[in-house]
$ cat entry.json   # JSON, C-alpha atoms
[["chain", "number", "residue", "atom", "x", "y", "z"],
["A", 1, "MET", "CA", 59.88, 13.92, -44.46],
["A", 2, "THR", "CA", 60.53, 13.63, -48.17],
["A", 3, "GLU", "CA", 59.92, 10.71, -50.46],
["A", 4, "HIS", "CA", 62.98, 9.01, -49.04],
["A", 5, "GLY", "CA", 62.11, 9.66, -45.45],
["A", 6, "LEU", "CA", 64.81, 12.21, -44.68],
["A", 7, "GLY", "CA", 63.91, 15.83, -45.20],
["A", 8, "VAL", "CA", 67.43, 17.15, -45.52],
["A", 9, "SER", "CA", 68.94, 18.64, -48.64],
["A", 10, "ILE", "CA", 72.62, 19.04, -49.48],
["A", 11, "SER", "CA", 72.32, 22.80, -49.04],
["A", 12, "GLU", "CA", 70.81, 22.35, -45.59],
["A", 13, "ILE", "CA", 73.61, 19.96, -44.64],
["A", 14, "ALA", "CA", 76.16, 22.47, -45.95],
["A", 15, "ARG", "CA", 74.51, 25.30, -44.03],
["A", 16, "GLY", "CA", 74.51, 23.20, -40.85],
["A", 17, "ALA", "CA", 78.20, 22.38, -41.30],
["A", 18, "GLY", "CA", 79.13, 25.94, -42.27],
["A", 19, "VAL", "CA", 80.64, 24.92, -45.61],
["A", 20, "HIS", "CA", 79.76, 25.40, -49.27],
["A", 21, "ALA", "CA", 77.27, 22.98, -50.80],
["A", 22, "SER", "CA", 79.81, 22.34, -53.55],
["A", 23, "SER", "CA", 82.27, 20.91, -51.00],
["A", 24, "ILE", "CA", 79.66, 18.43, -49.81],
["A", 25, "GLN", "CA", 78.73, 17.56, -53.35],
["A", 26, "ARG", "CA", 82.37, 17.02, -54.38],
["A", 27, "ARG", "CA", 83.10, 14.71, -51.50],
["A", 28, "TRP", "CA", 79.87, 12.67, -51.25],
["A", 29, "GLY", "CA", 77.94, 13.21, -54.48],
["A", 30, "THR", "CA", 74.40, 12.82, -53.12],
["A", 31, "ARG", "CA", 72.65, 13.61, -49.87],
["A", 32, "GLU", "CA", 72.00, 9.88, -49.40],
["A", 33, "ASN", "CA", 75.75, 9.30, -49.39],
["A", 34, "VAL", "CA", 76.33, 12.04, -46.85],
["A", 35, "MET", "CA", 73.68, 10.46, -44.71],
["A", 36, "LEU", "CA", 75.02, 6.93, -44.94],
["A", 37, "ASP", "CA", 78.49, 8.12, -44.07],
["A", 38, "ALA", "CA", 77.21, 10.05, -41.08],
["A", 39, "LEU", "CA", 75.21, 7.02, -40.02],
["A", 40, "LEU", "CA", 78.18, 4.77, -40.12],
["A", 41, "THR", "CA", 79.93, 6.96, -37.60],
["A", 42, "TYR", "CA", 76.79, 7.57, -35.58],
["A", 43, "SER", "CA", 75.75, 3.95, -35.31],
["A", 44, "GLN", "CA", 79.19, 2.87, -34.17],
["A", 45, "GLU", "CA", 78.81, 5.29, -31.29],
["A", 46, "LYS", "CA", 75.15, 4.64, -30.52],
["A", 47, "LEU", "CA", 75.31, 0.87, -30.86],
["A", 48, "PRO", "CA", 78.23, -0.11, -28.66],
["A", 49, "ILE", "CA", 79.02, -3.81, -28.61],
["A", 50, "PRO", "CA", 77.96, -5.32, -25.28],
["A", 51, "ASP", "CA", 80.26, -7.59, -23.30],
["A", 52, "THR", "CA", 78.18, -9.22, -20.58],
["A", 53, "GLY", "CA", 80.27, -12.38, -20.33],
["A", 54, "ALA", "CA", 77.64, -14.65, -21.92],
["A", 55, "LEU", "CA", 76.18, -15.01, -25.41],
["A", 56, "ARG", "CA", 72.57, -14.68, -24.29],
["A", 57, "GLY", "CA", 73.26, -11.46, -22.41],
["A", 58, "ASP", "CA", 75.22, -10.01, -25.31],
["A", 59, "LEU", "CA", 72.53, -10.84, -27.87],
["A", 60, "VAL", "CA", 69.73, -9.47, -25.67],
["A", 61, "ALA", "CA", 71.67, -6.26, -24.98],
["A", 62, "PHE", "CA", 72.63, -5.81, -28.63],
["A", 63, "GLY", "CA", 69.08, -6.57, -29.80],
["A", 64, "ARG", "CA", 67.64, -4.09, -27.33],
["A", 65, "SER", "CA", 69.95, -1.31, -28.40],
["A", 66, "ILE", "CA", 69.06, -1.91, -32.07],
["A", 67, "ALA", "CA", 65.35, -1.95, -31.14],
["A", 68, "GLY", "CA", 65.83, 1.31, -29.26],
["A", 69, "TYR", "CA", 67.59, 2.85, -32.23],
["A", 70, "LEU", "CA", 64.85, 1.73, -34.64],
["A", 71, "ALA", "CA", 62.30, 3.38, -32.33],
["A", 72, "THR", "CA", 63.89, 6.80, -32.81],
["A", 73, "PRO", "CA", 62.73, 9.00, -35.71],
["A", 74, "LEU", "CA", 66.26, 8.85, -37.14],
["A", 75, "GLY", "CA", 66.53, 5.07, -36.89],
["A", 76, "GLU", "CA", 63.15, 4.65, -38.52],
["A", 77, "ALA", "CA", 63.94, 7.12, -41.31],
["A", 78, "VAL", "CA", 67.27, 5.45, -42.02],
["A", 79, "ALA", "CA", 65.76, 1.99, -42.26],
["A", 80, "GLN", "CA", 62.99, 3.26, -44.54],
["A", 81, "THR", "CA", 65.48, 5.15, -46.69],
["A", 82, "MET", "CA", 67.73, 2.16, -47.14],
["A", 83, "ALA", "CA", 64.75, -0.04, -47.93],
["A", 84, "ALA", "CA", 63.19, 2.33, -50.43],
["A", 85, "THR", "CA", 66.07, 3.59, -52.48],
["A", 86, "ASP", "CA", 66.86, 2.16, -55.86],
["A", 87, "ASP", "CA", 70.29, 1.04, -56.77],
["A", 88, "ASP", "CA", 72.23, 4.22, -57.42],
["A", 89, "PRO", "CA", 75.78, 2.78, -57.56],
["A", 90, "ALA", "CA", 77.25, 5.29, -55.10],
["A", 91, "LEU", "CA", 74.44, 4.69, -52.65],
["A", 92, "ALA", "CA", 74.71, 0.92, -53.08],
["A", 93, "ALA", "CA", 78.43, 1.13, -52.26],
["A", 94, "GLY", "CA", 77.67, 3.19, -49.17],
["A", 95, "ARG", "CA", 75.02, 0.74, -48.08],
["A", 96, "THR", "CA", 77.38, -2.21, -48.51],
["A", 97, "ARG", "CA", 80.07, -0.39, -46.54],
["A", 98, "PHE", "CA", 77.56, 0.38, -43.80],
["A", 99, "TRP", "CA", 76.48, -3.23, -43.29],
["A", 100, "GLU", "CA", 79.98, -4.68, -43.68],
["A", 101, "SER", "CA", 81.19, -2.32, -41.00],
["A", 102, "ARG", "CA", 78.27, -3.24, -38.73],
["A", 103, "TYR", "CA", 78.97, -6.96, -39.09],
["A", 104, "ASP", "CA", 82.72, -6.47, -38.66],
["A", 105, "THR", "CA", 82.24, -4.56, -35.43],
["A", 106, "ALA", "CA", 79.61, -6.90, -33.98],
["A", 107, "ARG", "CA", 81.14, -10.27, -34.87],
["A", 108, "VAL", "CA", 83.21, -10.15, -31.68],
["A", 109, "ILE", "CA", 79.97, -11.15, -29.89],
["A", 110, "ILE", "CA", 80.08, -14.49, -31.70],
["A", 111, "ASP", "CA", 83.88, -14.80, -31.61],
["A", 112, "ARG", "CA", 83.79, -14.47, -27.82],
["A", 113, "ALA", "CA", 81.00, -17.07, -27.61],
["A", 114, "VAL", "CA", 83.23, -19.45, -29.61],
["A", 115, "ASP", "CA", 86.11, -18.80, -27.20],
["A", 116, "ARG", "CA", 83.79, -19.60, -24.28],
["A", 117, "ASP", "CA", 82.64, -22.82, -26.03],
["A", 118, "GLU", "CA", 79.07, -21.52, -26.09],
["A", 119, "VAL", "CA", 78.74, -22.07, -29.84],
["A", 120, "ALA", "CA", 80.50, -24.36, -32.30],
["A", 121, "ALA", "CA", 83.81, -23.10, -33.67],
["A", 122, "ASP", "CA", 82.43, -23.15, -37.23],
["A", 123, "THR", "CA", 79.48, -20.87, -36.42],
["A", 124, "ASP", "CA", 79.10, -18.24, -39.12],
["A", 125, "PRO", "CA", 79.27, -14.93, -37.17],
["A", 126, "GLU", "CA", 77.55, -12.91, -39.87],
["A", 127, "LEU", "CA", 74.65, -15.34, -40.24],
["A", 128, "ALA", "CA", 74.26, -15.56, -36.46],
["A", 129, "LEU", "CA", 74.04, -11.77, -36.16],
["A", 130, "GLU", "CA", 71.73, -11.58, -39.15],
["A", 131, "LEU", "CA", 69.27, -13.94, -37.44],
["A", 132, "LEU", "CA", 69.04, -11.43, -34.58],
["A", 133, "VAL", "CA", 69.04, -8.20, -36.54],
["A", 134, "ALA", "CA", 66.70, -9.22, -39.37],
["A", 135, "PRO", "CA", 63.51, -9.84, -37.34],
["A", 136, "LEU", "CA", 63.90, -6.47, -35.59],
["A", 137, "HIS", "CA", 64.02, -4.66, -38.94],
["A", 138, "PHE", "CA", 61.33, -6.91, -40.44],
["A", 139, "ARG", "CA", 58.87, -5.98, -37.70],
["A", 140, "LYS", "CA", 59.79, -2.31, -37.83],
["A", 141, "LEU", "CA", 59.46, -2.03, -41.59],
["A", 142, "LEU", "CA", 56.98, -4.68, -42.67],
["A", 143, "THR", "CA", 54.67, -6.19, -40.10],
["A", 144, "ARG", "CA", 54.94, -3.17, -37.74],
["A", 145, "GLN", "CA", 54.59, -5.48, -34.75],
["A", 146, "ALA", "CA", 56.10, -4.48, -31.42],
["A", 147, "VAL", "CA", 59.89, -4.47, -31.27],
["A", 148, "ASP", "CA", 60.12, -4.45, -27.48],
["A", 149, "ASP", "CA", 62.21, -6.10, -24.77],
["A", 150, "ASP", "CA", 59.86, -9.05, -24.55],
["A", 151, "PHE", "CA", 60.20, -9.75, -28.26],
["A", 152, "VAL", "CA", 64.00, -9.44, -28.13],
["A", 153, "GLU", "CA", 64.13, -12.02, -25.33],
["A", 154, "ARG", "CA", 61.81, -14.47, -27.09],
["A", 155, "LEU", "CA", 63.81, -14.05, -30.28],
["A", 156, "VAL", "CA", 67.17, -14.67, -28.61],
["A", 157, "ASP", "CA", 65.84, -17.73, -26.78],
["A", 158, "ALA", "CA", 64.47, -19.20, -30.00],
["A", 159, "LEU", "CA", 67.74, -18.55, -31.84],
["A", 160, "MET", "CA", 69.92, -20.06, -29.15],
["A", 161, "ARG", "CA", 67.77, -23.14, -28.63],
["A", 162, "GLY", "CA", 66.87, -23.74, -32.26],
["A", 163, "LEU", "CA", 63.53, -24.99, -33.53],
["A", 164, "THR", "CA", 64.23, -28.67, -33.26],
["A", 165, "SER", "CA", 66.03, -29.00, -29.98],
["B", 1, "MET", "CA", 57.46, 3.45, -60.44],
["B", 2, "THR", "CA", 56.15, 6.19, -58.21],
["B", 3, "GLU", "CA", 57.35, 7.28, -54.81],
["B", 4, "HIS", "CA", 55.75, 4.19, -53.33],
["B", 5, "GLY", "CA", 57.18, 1.80, -55.87],
["B", 6, "LEU", "CA", 53.94, 0.96, -57.67],
["B", 7, "GLY", "CA", 53.04, 3.07, -60.66],
["B", 8, "VAL", "CA", 49.32, 2.34, -60.68],
["B", 9, "SER", "CA", 46.60, 4.86, -60.00],
["B", 10, "ILE", "CA", 43.01, 4.18, -59.01],
["B", 11, "SER", "CA", 41.81, 5.29, -62.44],
["B", 12, "GLU", "CA", 44.20, 2.87, -64.11],
["B", 13, "ILE", "CA", 42.98, 0.06, -61.87],
["B", 14, "ALA", "CA", 39.38, 1.01, -62.69],
["B", 15, "ARG", "CA", 40.15, 1.08, -66.41],
["B", 16, "GLY", "CA", 41.82, -2.34, -66.19],
["B", 17, "ALA", "CA", 38.82, -3.75, -64.36],
["B", 18, "GLY", "CA", 36.27, -2.06, -66.61],
["B", 19, "VAL", "CA", 34.54, -0.26, -63.76],
["B", 20, "HIS", "CA", 34.18, 3.35, -62.62],
["B", 21, "ALA", "CA", 36.96, 4.79, -60.49],
["B", 22, "SER", "CA", 34.31, 5.81, -57.97],
["B", 23, "SER", "CA", 33.39, 2.16, -57.37],
["B", 24, "ILE", "CA", 37.02, 1.35, -56.55],
["B", 25, "GLN", "CA", 37.28, 4.38, -54.33],
["B", 26, "ARG", "CA", 34.07, 3.54, -52.46],
["B", 27, "ARG", "CA", 35.14, -0.02, -51.75],
["B", 28, "TRP", "CA", 38.86, 0.40, -51.00],
["B", 29, "GLY", "CA", 39.51, 4.09, -50.37],
["B", 30, "THR", "CA", 43.09, 4.28, -51.60],
["B", 31, "ARG", "CA", 45.16, 2.58, -54.26],
["B", 32, "GLU", "CA", 47.36, 1.13, -51.53],
["B", 33, "ASN", "CA", 44.34, -0.66, -50.09],
["B", 34, "VAL", "CA", 43.35, -2.03, -53.49],
["B", 35, "MET", "CA", 46.88, -3.28, -53.86],
["B", 36, "LEU", "CA", 47.11, -4.93, -50.45],
["B", 37, "ASP", "CA", 43.79, -6.66, -50.99],
["B", 38, "ALA", "CA", 44.88, -7.93, -54.39],
["B", 39, "LEU", "CA", 48.15, -9.08, -52.89],
["B", 40, "LEU", "CA", 46.44, -11.05, -50.20],
["B", 41, "THR", "CA", 44.64, -13.07, -52.82],
["B", 42, "TYR", "CA", 47.66, -13.25, -55.11],
["B", 43, "SER", "CA", 50.12, -14.34, -52.46],
["B", 44, "GLN", "CA", 47.86, -17.12, -51.24],
["B", 45, "GLU", "CA", 47.92, -18.49, -54.78],
["B", 46, "LYS", "CA", 51.58, -17.86, -55.53],
["B", 47, "LEU", "CA", 52.92, -19.00, -52.18],
["B", 48, "PRO", "CA", 51.33, -22.38, -51.68],
["B", 49, "ILE", "CA", 52.18, -24.08, -48.40],
["B", 50, "PRO", "CA", 54.56, -26.97, -49.06],
["B", 51, "ASP", "CA", 53.97, -30.39, -47.53],
["B", 52, "THR", "CA", 57.14, -32.41, -48.00],
["B", 53, "GLY", "CA", 56.65, -34.62, -44.95],
["B", 54, "ALA", "CA", 59.48, -33.03, -42.94],
["B", 55, "LEU", "CA", 60.05, -29.64, -41.33],
["B", 56, "ARG", "CA", 63.37, -28.97, -43.05],
["B", 57, "GLY", "CA", 61.92, -29.69, -46.48],
["B", 58, "ASP", "CA", 58.88, -27.53, -45.79],
["B", 59, "LEU", "CA", 60.94, -24.58, -44.54],
["B", 60, "VAL", "CA", 63.38, -24.79, -47.45],
["B", 61, "ALA", "CA", 60.55, -25.00, -49.99],
["B", 62, "PHE", "CA", 58.60, -22.17, -48.36],
["B", 63, "GLY", "CA", 61.74, -20.02, -48.05],
["B", 64, "ARG", "CA", 62.60, -20.61, -51.70],
["B", 65, "SER", "CA", 59.17, -19.64, -52.90],
["B", 66, "ILE", "CA", 59.27, -16.42, -50.86],
["B", 67, "ALA", "CA", 62.77, -15.70, -52.21],
["B", 68, "GLY", "CA", 61.49, -16.30, -55.75],
["B", 69, "TYR", "CA", 58.55, -13.97, -55.15],
["B", 70, "LEU", "CA", 60.81, -11.24, -53.73],
["B", 71, "ALA", "CA", 62.96, -11.54, -56.87],
["B", 72, "THR", "CA", 60.04, -10.55, -59.11],
["B", 73, "PRO", "CA", 59.42, -6.86, -59.84],
["B", 74, "LEU", "CA", 56.03, -7.17, -58.14],
["B", 75, "GLY", "CA", 57.41, -8.84, -55.02],
["B", 76, "GLU", "CA", 60.12, -6.24, -54.73],
["B", 77, "ALA", "CA", 57.71, -3.34, -55.25],
["B", 78, "VAL", "CA", 55.30, -4.71, -52.68],
["B", 79, "ALA", "CA", 57.99, -5.13, -50.04],
["B", 80, "GLN", "CA", 59.31, -1.64, -50.71],
["B", 81, "THR", "CA", 55.82, -0.17, -50.62],
["B", 82, "MET", "CA", 54.95, -1.78, -47.32],
["B", 83, "ALA", "CA", 58.28, -0.69, -45.84],
["B", 84, "ALA", "CA", 58.05, 2.89, -47.04],
["B", 85, "THR", "CA", 54.48, 3.87, -46.34],
["B", 86, "ASP", "CA", 53.53, 5.87, -43.31],
["B", 87, "ASP", "CA", 50.75, 4.84, -41.03],
["B", 88, "ASP", "CA", 47.57, 5.74, -42.84],
["B", 89, "PRO", "CA", 45.04, 3.86, -40.66],
["B", 90, "ALA", "CA", 43.30, 2.12, -43.57],
["B", 91, "LEU", "CA", 46.62, 1.00, -44.99],
["B", 92, "ALA", "CA", 47.85, -0.11, -41.58],
["B", 93, "ALA", "CA", 44.71, -2.25, -41.19],
["B", 94, "GLY", "CA", 45.29, -3.78, -44.62],
["B", 95, "ARG", "CA", 48.89, -4.49, -43.78],
["B", 96, "THR", "CA", 47.94, -6.17, -40.50],
["B", 97, "ARG", "CA", 45.32, -8.27, -42.29],
["B", 98, "PHE", "CA", 47.89, -9.24, -44.90],
["B", 99, "TRP", "CA", 50.46, -10.54, -42.42],
["B", 100, "GLU", "CA", 47.90, -12.18, -40.14],
["B", 101, "SER", "CA", 46.53, -14.05, -43.08],
["B", 102, "ARG", "CA", 50.03, -15.07, -44.17],
["B", 103, "TYR", "CA", 50.87, -16.41, -40.71],
["B", 104, "ASP", "CA", 47.48, -18.13, -40.37],
["B", 105, "THR", "CA", 47.94, -19.94, -43.65],
["B", 106, "ALA", "CA", 51.57, -20.94, -43.08],
["B", 107, "ARG", "CA", 51.40, -22.03, -39.45],
["B", 108, "VAL", "CA", 50.33, -25.50, -40.56],
["B", 109, "ILE", "CA", 54.02, -26.05, -41.42],
["B", 110, "ILE", "CA", 54.85, -25.79, -37.72],
["B", 111, "ASP", "CA", 51.66, -27.53, -36.55],
["B", 112, "ARG", "CA", 52.55, -30.53, -38.69],
["B", 113, "ALA", "CA", 56.10, -30.52, -37.31],
["B", 114, "VAL", "CA", 54.63, -30.62, -33.79],
["B", 115, "ASP", "CA", 52.44, -33.58, -34.78],
["B", 116, "ARG", "CA", 55.53, -35.38, -36.11],
["B", 117, "ASP", "CA", 57.41, -34.60, -32.86],
["B", 118, "GLU", "CA", 60.01, -32.63, -34.79],
["B", 119, "VAL", "CA", 59.58, -29.55, -32.62],
["B", 120, "ALA", "CA", 58.35, -29.01, -29.06],
["B", 121, "ALA", "CA", 54.59, -28.74, -28.61],
["B", 122, "ASP", "CA", 54.94, -25.23, -27.19],
["B", 123, "THR", "CA", 56.81, -23.90, -30.25],
["B", 124, "ASP", "CA", 55.38, -20.51, -31.24],
["B", 125, "PRO", "CA", 54.39, -21.03, -34.90],
["B", 126, "GLU", "CA", 54.36, -17.33, -35.73],
["B", 127, "LEU", "CA", 57.82, -16.71, -34.25],
["B", 128, "ALA", "CA", 59.21, -19.80, -35.98],
["B", 129, "LEU", "CA", 57.91, -18.59, -39.36],
["B", 130, "GLU", "CA", 59.10, -15.06, -38.67],
["B", 131, "LEU", "CA", 62.66, -16.35, -38.13],
["B", 132, "LEU", "CA", 62.55, -17.75, -41.67],
["B", 133, "VAL", "CA", 60.74, -14.94, -43.44],
["B", 134, "ALA", "CA", 62.50, -11.98, -41.79],
["B", 135, "PRO", "CA", 66.06, -12.59, -43.07],
["B", 136, "LEU", "CA", 64.78, -13.01, -46.64],
["B", 137, "HIS", "CA", 63.09, -9.60, -46.50],
["B", 138, "PHE", "CA", 65.98, -8.05, -44.57],
["B", 139, "ARG", "CA", 68.47, -9.01, -47.30],
["B", 140, "LYS", "CA", 66.12, -7.95, -50.07],
["B", 141, "LEU", "CA", 65.34, -4.55, -48.57],
["B", 142, "LEU", "CA", 68.32, -3.59, -46.45],
["B", 143, "THR", "CA", 71.62, -5.36, -47.02],
["B", 144, "ARG", "CA", 70.75, -6.35, -50.63],
["B", 145, "GLN", "CA", 72.75, -9.54, -50.21],
["B", 146, "ALA", "CA", 71.87, -12.60, -52.28],
["B", 147, "VAL", "CA", 68.57, -14.28, -51.42],
["B", 148, "ASP", "CA", 69.33, -17.54, -53.20],
["B", 149, "ASP", "CA", 68.85, -21.26, -52.61],
["B", 150, "ASP", "CA", 72.16, -21.54, -50.82],
["B", 151, "PHE", "CA", 71.21, -18.83, -48.35],
["B", 152, "VAL", "CA", 67.80, -20.37, -47.72],
["B", 153, "GLU", "CA", 69.44, -23.73, -46.90],
["B", 154, "ARG", "CA", 72.02, -22.18, -44.56],
["B", 155, "LEU", "CA", 69.30, -20.16, -42.88],
["B", 156, "VAL", "CA", 67.02, -23.15, -42.31],
["B", 157, "ASP", "CA", 69.90, -25.26, -40.98],
["B", 158, "ALA", "CA", 70.89, -22.53, -38.53],
["B", 159, "LEU", "CA", 67.30, -22.09, -37.35],
["B", 160, "MET", "CA", 66.67, -25.79, -36.86],
["B", 161, "ARG", "CA", 69.94, -26.44, -35.05],
["B", 162, "GLY", "CA", 70.07, -23.25, -33.02],
["B", 163, "LEU", "CA", 73.19, -21.28, -32.22],
["B", 164, "THR", "CA", 74.15, -23.13, -29.06],
["B", 165, "SER", "CA", 73.48, -26.76, -29.92]]
$ encode --input "entry.json" --output "structure tokens"
Amino acid sequence: MTEHGLGVSISEIARGAGVHASSIQRRWGTRENVMLDALLTYSQEKLPIPDTGALRGDLVAFGRSIAGYLATPLGEAVAQTMAATDDDPALAAGRTRFWESRYDTARVIIDRAVDRDEVAADTDPELALELLVAPLHFRKLLTRQAVDDDFVERLVDALMRGLTS
Amino acid sequence: MTEHGLGVSISEIARGAGVHASSIQRRWGTRENVMLDALLTYSQEKLPIPDTGALRGDLVAFGRSIAGYLATPLGEAVAQTMAATDDDPALAAGRTRFWESRYDTARVIIDRAVDRDEVAADTDPELALELLVAPLHFRKLLTRQAVDDDFVERLVDALMRGLTS
């Protein structure tokens, strides 16, 4: 583990891929960019969008798979890296692309809930997903409290019901 | 700024306080512990608990003051430091103390809302506060989206109403 949580250099990445370091450098610039790009692809595969037929089931399944990912050394390192790094413009662009892609892929969970009349048609899909995803990362990175199935269920119930209903 | 986001050494802290570095070391162990302890005190002063007479007003005011704190160089450095550091036991204990104290102090916002019949008596105060605090930190550290007054209002409205009501 380096300062940024990922102990991989561009030359190690190049060696692993069997190419010249200069090819990596030309295409991505920094090792953080290589990583973010790889993560984008990886997380789309590892975090499939559930389709259980109901909003609660989808949110619980999605929350659990994010919690599971954050429990892996890679998931933890990625979250720490994104949280720690300063705003190198190339990295910032990669980060933005990463989250935009995540929200774009996952918003179907909320779109389907609208179609099923489970939530109001004007529900903001990004905000709704953020309410689920943020506490998982907050616990993992800041309070270090358990991010387990029980927490995911309590979280989803609180979000669906709302504080004042 | 060092690796951990705070460019202060124990000897600098000692110099600032006019004491020997060994006294600091004996009492706190590491500079991270000094920092967390100082933050505990500081954040209690800088993040007073609002009492507007209504839950929405309290949550918006509390959310805004956390957002304002996270926008300062200190607030940002503290969040990054807590997110980045590995689990040194002394630091982990300080971190736990920090968040427990924050939740203990702020739960009166939810307790008062229960007294006013704004939320159910079995509302979990810590979870309710976490739903507010987590997205502010998540945006600051991970997505780097705006943590402004507009977002705080949208967030509080979504939390109070719930996704399915």
$ closest_atom_pairs --input "entry.json" --of "chain B" --to "chain A" --cutoff "7 Å" --atoms "all atoms listed in the file" --output "CSV"
residue,atom,partner,partner_atom,distance
B:Glu3,CA,A:Glu3,CA,6.1
B:Gln80,CA,A:Ala84,CA,5.6
B:Met82,CA,A:Leu142,CA,5.8
B:Ala83,CA,A:Leu141,CA,4.6
B:Ala84,CA,A:Gln80,CA,5.5
B:Thr96,CA,A:Thr143,CA,6.7
B:Trp99,CA,A:Thr143,CA,6.5
B:Glu118,CA,A:Thr164,CA,6.0
B:Val119,CA,A:Thr164,CA,4.8
B:Glu130,CA,A:Pro135,CA,7.0
B:Leu131,CA,A:Pro135,CA,6.6
B:Ala134,CA,A:Pro135,CA,5.0
B:Pro135,CA,A:Ala134,CA,5.0
B:His137,CA,A:Phe138,CA,6.9
B:Phe138,CA,A:Ala134,CA,5.4
B:Leu141,CA,A:Ala83,CA,4.6
B:Leu142,CA,A:Ala83,CA,5.2
B:Thr143,CA,A:Trp99,CA,6.5
B:Leu159,CA,A:Gly162,CA,5.4
B:Met160,CA,A:Leu163,CA,4.6
B:Arg161,CA,A:Gly162,CA,4.9
B:Gly162,CA,A:Gly162,CA,3.3
B:Leu163,CA,A:Met160,CA,4.6
B:Thr164,CA,A:Val119,CA,4.8
B:Ser165,CA,A:Arg161,CA,6.9
$ residues_around --input "entry.json" --residues "Leu47 of chain A" --least-positions-apart "4" --cutoff "12 Å" --atoms "only C-alpha atoms" --output "ChimeraX atom specification"
/A:39-43,61-70,75,102-103,105-106
$ closest_residue --input "entry.json" --among "B:Val152, B:Ile13, B:Ala38, B:Ile109" --to "Thr52 of chain B" --atoms "all atoms listed in the file"
B:Ile109
$ residues_around --input "entry.json" --residues "segment 20-30 of chain A" --least-positions-apart "6" --cutoff "9 Å" --atoms "all atoms listed in the file" --output "PyMOL selection string"
chain A and resi 10-14+37+90-91
$ atom_distance --input "entry.json" --atom1 "atom CA of Leu74 of chain B" --atom2 "atom CA of Ala17 of chain B"
18.6 Å
$ atom_distance --input "entry.json" --atom1 "atom CA of Gly18 of chain B" --atom2 "atom CA of Val34 of chain B"
14.9 Å
$ atom_distance --input "entry.json" --atom1 "atom CA of Asp58 of chain A" --atom2 "atom CA of Leu129 of chain B"
23.9 Å
$ closest_residue --input "entry.json" --among "A:Ala146, A:Leu59, A:Ala54, A:Val78" --to "Arg107 of chain A" --atoms "all atoms listed in the file"
A:Leu59
$ decode --input "entry.json" --residues "segment 124-134 of chain B" --atoms "N, CA, C and O atoms" --output "mmCIF file, in the first residue's frame"
data_model
loop_
_atom_site.group_PDB
_atom_site.id
_atom_site.type_symbol
_atom_site.label_atom_id
_atom_site.label_comp_id
_atom_site.auth_asym_id
_atom_site.auth_seq_id
_atom_site.Cartn_x
_atom_site.Cartn_y
_atom_site.Cartn_z
ATOM 1 N N ASP B 124 -34.690 5.715 15.039
ATOM 2 C CA ASP B 124 -33.309 5.549 15.500
ATOM 3 C C ASP B 124 -32.567 6.875 15.274
ATOM 4 O O ASP B 124 -32.322 7.258 14.131
ATOM 5 N N PRO B 125 -32.230 7.590 16.343
ATOM 6 C CA PRO B 125 -31.648 8.936 16.175
ATOM 7 C C PRO B 125 -30.323 8.885 15.408
ATOM 8 O O PRO B 125 -30.055 9.744 14.563
ATOM 9 N N GLU B 126 -29.510 7.867 15.704
ATOM 10 C CA GLU B 126 -28.203 7.799 15.063
ATOM 11 C C GLU B 126 -28.356 7.560 13.559
ATOM 12 O O GLU B 126 -27.704 8.209 12.743
ATOM 13 N N LEU B 127 -29.241 6.640 13.187
ATOM 14 C CA LEU B 127 -29.460 6.367 11.766
ATOM 15 C C LEU B 127 -30.031 7.599 11.062
ATOM 16 O O LEU B 127 -29.611 7.950 9.956
ATOM 17 N N ALA B 128 -30.959 8.273 11.720
ATOM 18 C CA ALA B 128 -31.561 9.464 11.113
ATOM 19 C C ALA B 128 -30.487 10.529 10.840
ATOM 20 O O ALA B 128 -30.456 11.140 9.766
ATOM 21 N N LEU B 129 -29.595 10.736 11.805
ATOM 22 C CA LEU B 129 -28.535 11.730 11.617
ATOM 23 C C LEU B 129 -27.539 11.279 10.552
ATOM 24 O O LEU B 129 -27.046 12.083 9.759
ATOM 25 N N GLU B 130 -27.274 9.986 10.543
ATOM 26 C CA GLU B 130 -26.338 9.422 9.569
ATOM 27 C C GLU B 130 -26.835 9.666 8.133
ATOM 28 O O GLU B 130 -26.044 9.936 7.227
ATOM 29 N N LEU B 131 -28.154 9.557 7.937
ATOM 30 C CA LEU B 131 -28.726 9.761 6.605
ATOM 31 C C LEU B 131 -28.473 11.182 6.114
ATOM 32 O O LEU B 131 -28.364 11.425 4.905
ATOM 33 N N LEU B 132 -28.384 12.120 7.061
ATOM 34 C CA LEU B 132 -28.109 13.517 6.699
ATOM 35 C C LEU B 132 -26.612 13.760 6.485
ATOM 36 O O LEU B 132 -26.192 14.383 5.514
ATOM 37 N N VAL B 133 -25.835 13.249 7.415
ATOM 38 C CA VAL B 133 -24.401 13.559 7.435
ATOM 39 C C VAL B 133 -23.631 12.809 6.334
ATOM 40 O O VAL B 133 -22.709 13.348 5.728
ATOM 41 N N ALA B 134 -24.052 11.566 6.059
ATOM 42 C CA ALA B 134 -23.308 10.733 5.107
ATOM 43 C C ALA B 134 -23.236 11.338 3.698
ATOM 44 O O ALA B 134 -22.150 11.412 3.118
#
